[in-house]
file entry_31.tsv (TSV, C-alpha atoms)
chain	number	residue	atom	x	y	z
F	206	MET	CA	18.87	11.05	4.70
F	207	LEU	CA	17.47	11.37	8.20
F	208	LEU	CA	14.85	8.83	9.26
F	209	THR	CA	12.42	9.11	12.13
F	210	ASP	CA	12.62	6.50	14.89
F	211	ASP	CA	9.50	4.82	13.45
F	212	GLU	CA	10.98	4.74	9.94
F	213	GLN	CA	14.34	3.40	11.12
F	214	CYS	CA	12.68	0.70	13.19
F	215	VAL	CA	10.40	-0.48	10.37
F	216	LEU	CA	13.21	-0.33	7.81
F	217	ASN	CA	15.47	-2.41	10.10
F	218	LEU	CA	12.76	-5.03	10.57
F	219	ILE	CA	12.05	-5.30	6.84
F	220	SER	CA	15.75	-5.36	5.95
F	221	SER	CA	16.57	-8.07	8.48
F	222	ALA	CA	13.63	-10.36	7.64
F	223	ASN	CA	14.71	-13.67	6.12
F	224	TYR	CA	12.02	-13.66	3.46
F	225	ARG	CA	9.13	-11.27	4.02
F	226	ILE	CA	7.66	-9.62	7.08
F	227	THR	CA	3.99	-8.82	7.58
F	228	GLN	CA	2.44	-5.72	9.12
F	229	GLN	CA	1.29	-7.83	12.04
F	230	GLU	CA	4.80	-9.18	12.63
F	231	ILE	CA	6.14	-5.62	12.64
F	232	ALA	CA	3.42	-4.54	15.06
F	233	ASP	CA	4.03	-7.54	17.33
F	234	SER	CA	7.80	-7.01	17.46
F	235	GLU	CA	7.67	-3.25	18.03
F	236	ARG	CA	4.65	-2.46	20.14
F	237	TRP	CA	5.98	1.02	20.93
F	238	LEU	CA	5.18	2.12	17.38
F	239	GLY	CA	1.80	2.91	18.84
F	240	SER	CA	-1.33	3.86	17.04
F	241	HIS	CA	-1.90	6.27	14.25
F	242	PRO	CA	-3.05	9.55	15.81
F	243	ILE	CA	-6.09	9.83	13.52
F	244	TYR	CA	-7.49	6.37	14.29
F	245	GLU	CA	-7.83	5.52	17.96
F	246	ILE	CA	-10.94	3.30	18.03
F	247	ASP	CA	-9.32	-0.09	17.33
F	248	ARG	CA	-5.76	0.04	18.56
F	249	SER	CA	-4.55	-3.02	16.61
F	250	GLU	CA	-6.02	-1.79	13.32
F	251	SER	CA	-4.73	1.66	14.15
F	252	THR	CA	-1.21	0.34	14.64
F	253	LEU	CA	-1.36	-1.44	11.27
F	254	ARG	CA	-2.44	1.85	9.65
F	255	LYS	CA	0.53	3.56	11.26
F	256	ILE	CA	2.88	0.88	9.93
F	257	ARG	CA	1.41	1.19	6.42
F	258	GLN	CA	1.93	4.96	6.61
F	259	VAL	CA	5.54	4.56	7.74
F	260	ILE	CA	6.20	2.14	4.87
F	261	ARG	CA	4.54	4.52	2.41
F	262	ASP	CA	6.75	7.36	3.68
F	263	LEU	CA	9.85	5.18	3.32
F	264	ARG	CA	8.85	4.39	-0.27
F	265	ILE	CA	7.63	7.78	-1.45
F	266	LYS	CA	9.43	10.37	0.65
F	267	LYS	CA	12.69	8.56	1.39
F	268	GLY	CA	13.07	6.47	-1.80
F	269	TYR	CA	13.49	3.00	-0.28
F	270	MET	CA	12.51	0.21	-2.66
F	271	ILE	CA	10.17	-1.67	-0.35
F	272	LEU	CA	7.98	-4.13	-2.21
F	273	SER	CA	4.96	-6.02	-0.91
F	274	ASP	CA	2.52	-8.77	-1.66
F	275	ALA	CA	0.04	-10.86	0.31
F	276	LYS	CA	2.95	-12.51	2.17
F	277	GLY	CA	4.52	-9.29	3.45
F	278	TYR	CA	7.15	-6.64	2.78
F	279	TRP	CA	10.72	-6.95	1.55
F	280	ILE	CA	13.52	-4.82	0.14
F	281	MET	CA	13.93	-5.08	-3.64
F	282	LYS	CA	17.08	-6.99	-4.52
F	283	ASN	CA	17.24	-6.58	-8.29
F	284	ARG	CA	15.65	-5.02	-11.37
F	285	GLN	CA	13.72	-8.20	-12.23
F	286	GLU	CA	11.87	-7.97	-8.91
F	287	ALA	CA	10.90	-4.39	-9.77
F	288	ILE	CA	9.63	-5.44	-13.20
F	289	GLU	CA	7.54	-8.29	-11.76
F	290	TYR	CA	6.20	-6.03	-9.01
F	291	CYS	CA	5.16	-3.31	-11.47
F	292	GLU	CA	3.50	-5.87	-13.73
F	293	ARG	CA	1.54	-7.24	-10.77
F	294	ILE	CA	0.39	-3.86	-9.48
F	295	GLU	CA	-0.58	-2.86	-13.04
F	296	ARG	CA	-2.81	-5.95	-13.28
F	297	MET	CA	-4.33	-5.11	-9.90
F	298	ALA	CA	-4.94	-1.47	-10.86
F	299	LYS	CA	-6.62	-2.47	-14.13
F	300	SER	CA	-8.80	-5.00	-12.34
F	301	GLN	CA	-9.87	-2.49	-9.69
F	302	ALA	CA	-10.51	0.20	-12.30
F	303	LYS	CA	-12.63	-2.18	-14.34
F	304	ALA	CA	-14.75	-2.99	-11.28
F	305	TRP	CA	-15.25	0.72	-10.49
F	306	PHE	CA	-16.23	1.45	-14.08
F	307	GLU	CA	-18.73	-1.40	-14.07
F	308	THR	CA	-20.31	0.09	-10.94
F	309	TYR	CA	-20.30	3.57	-12.45
F	310	ASN	CA	-21.87	2.33	-15.69
F	311	ALA	CA	-24.64	0.57	-13.77
F	312	MET	CA	-25.36	3.74	-11.78
F	313	ARG	CA	-25.23	5.84	-14.94
F	314	LYS	CA	-27.70	3.52	-16.64
F	315	ASN	CA	-30.07	3.06	-13.69
F	316	PHE	CA	-29.99	6.57	-12.26
F	317	ASN	CA	-28.99	8.67	-15.26
F	318	LEU	CA	-25.83	9.89	-13.51
F	319	THR	CA	-22.79	11.31	-15.26
F	320	SER	CA	-19.21	11.91	-14.24
F	321	ASP	CA	-16.64	13.76	-16.31
F	322	TYR	CA	-13.91	11.82	-14.54
F	323	PHE	CA	-15.32	8.38	-15.34
F	324	ASP	CA	-16.31	9.40	-18.85
F	325	GLN	CA	-12.77	10.64	-19.59
F	326	GLN	CA	-10.99	7.75	-17.87
F	327	GLY	CA	-13.35	5.26	-19.50
F	328	LYS	CA	-11.75	6.08	-22.84
F	329	LEU	CA	-8.68	4.21	-21.63
F	330	PHE	CA	-10.56	0.91	-21.61
call {"tool": "encode", "arguments": {"input": "entry_31.tsv", "output": "structure tokens"}}
result
Amino acid sequence: MLLTDDEQCVLNLISSANYRITQQEIADSERWLGSHPIYEIDRSESTLRKIRQVIRDLRIKKGYMILSDAKGYWIMKNRQEAIEYCERIERMAKSQAKAWFETYNAMRKNFNLTSDYFDQQGKLF
């Protein structure tokens, strides 16, 4: 599987990190990664967006098992890590969805708004 220079660089940094590596550490160690072409206003934030996009591509398009948490990114070492990661992101997704539904329900009540999407998805809760 062919990787771009950006992908290879980020993958090497994540793979060689002792524990976890943050977006900022990746950006600081490889300044040539540059900024994301869509976001040029704040170069540092733009670079972090670019790094997030590269990591997303490595995960989704290239199939690398790169996990993350508040402490940084790492390569999955075993199945148990995958289970724990999926459990954590499921909790996060449910929490975020609950917050969005609470906002939608308040707007529906106060402004008489409706949404087929929220009404259908709300049946899951």
call {"tool": "residues_around", "arguments": {"input": "entry_31.tsv", "residues": "F:Arg261", "least_positions_apart": "2", "cutoff": "12 Å", "atoms": "all atoms listed in the file", "output": "number ranges by chain"}}
result
F: 212, 215-216, 254-259, 263-273, 278
call {"tool": "atom_distance", "arguments": {"input": "entry_31.tsv", "atom1": "atom CA of F:Gln285", "atom2": "atom CA of F:Tyr224"}}
result
16.7 Å
call {"tool": "atom_distance", "arguments": {"input": "entry_31.tsv", "atom1": "atom CA of F:Asp211", "atom2": "atom CA of F:Glu295"}}
result
29.4 Å
call {"tool": "atom_distance", "arguments": {"input": "entry_31.tsv", "atom1": "atom CA of F:Ser234", "atom2": "atom CA of F:Cys214"}}
result
10.1 Å
call {"tool": "residues_around", "arguments": {"input": "entry_31.tsv", "residues": "F:Asp324", "least_positions_apart": "5", "cutoff": "10 Å", "atoms": "all atoms listed in the file", "output": "PyMOL selection string"}}
result
chain F and resi 306+309-310+319+329
call {"tool": "residues_around", "arguments": {"input": "entry_31.tsv", "residues": "F:Lys276", "least_positions_apart": "5", "cutoff": "10 Å", "atoms": "all atoms listed in the file", "output": "MDAnalysis selection string"}}
result
chainID F and resid 224:228
call {"tool": "closest_residue", "arguments": {"input": "entry_31.tsv", "among": "F:Ile280, F:Ala311, F:Ala275, F:Leu253", "to": "F:Asn217", "atoms": "only C-alpha atoms"}}
result
F:Ile280
call {"tool": "closest_residue", "arguments": {"input": "entry_31.tsv", "among": "F:Ile231, F:Ala222, F:Leu238, F:Gly277", "to": "F:Asp210", "atoms": "all atoms listed in the file"}}
result
F:Leu238
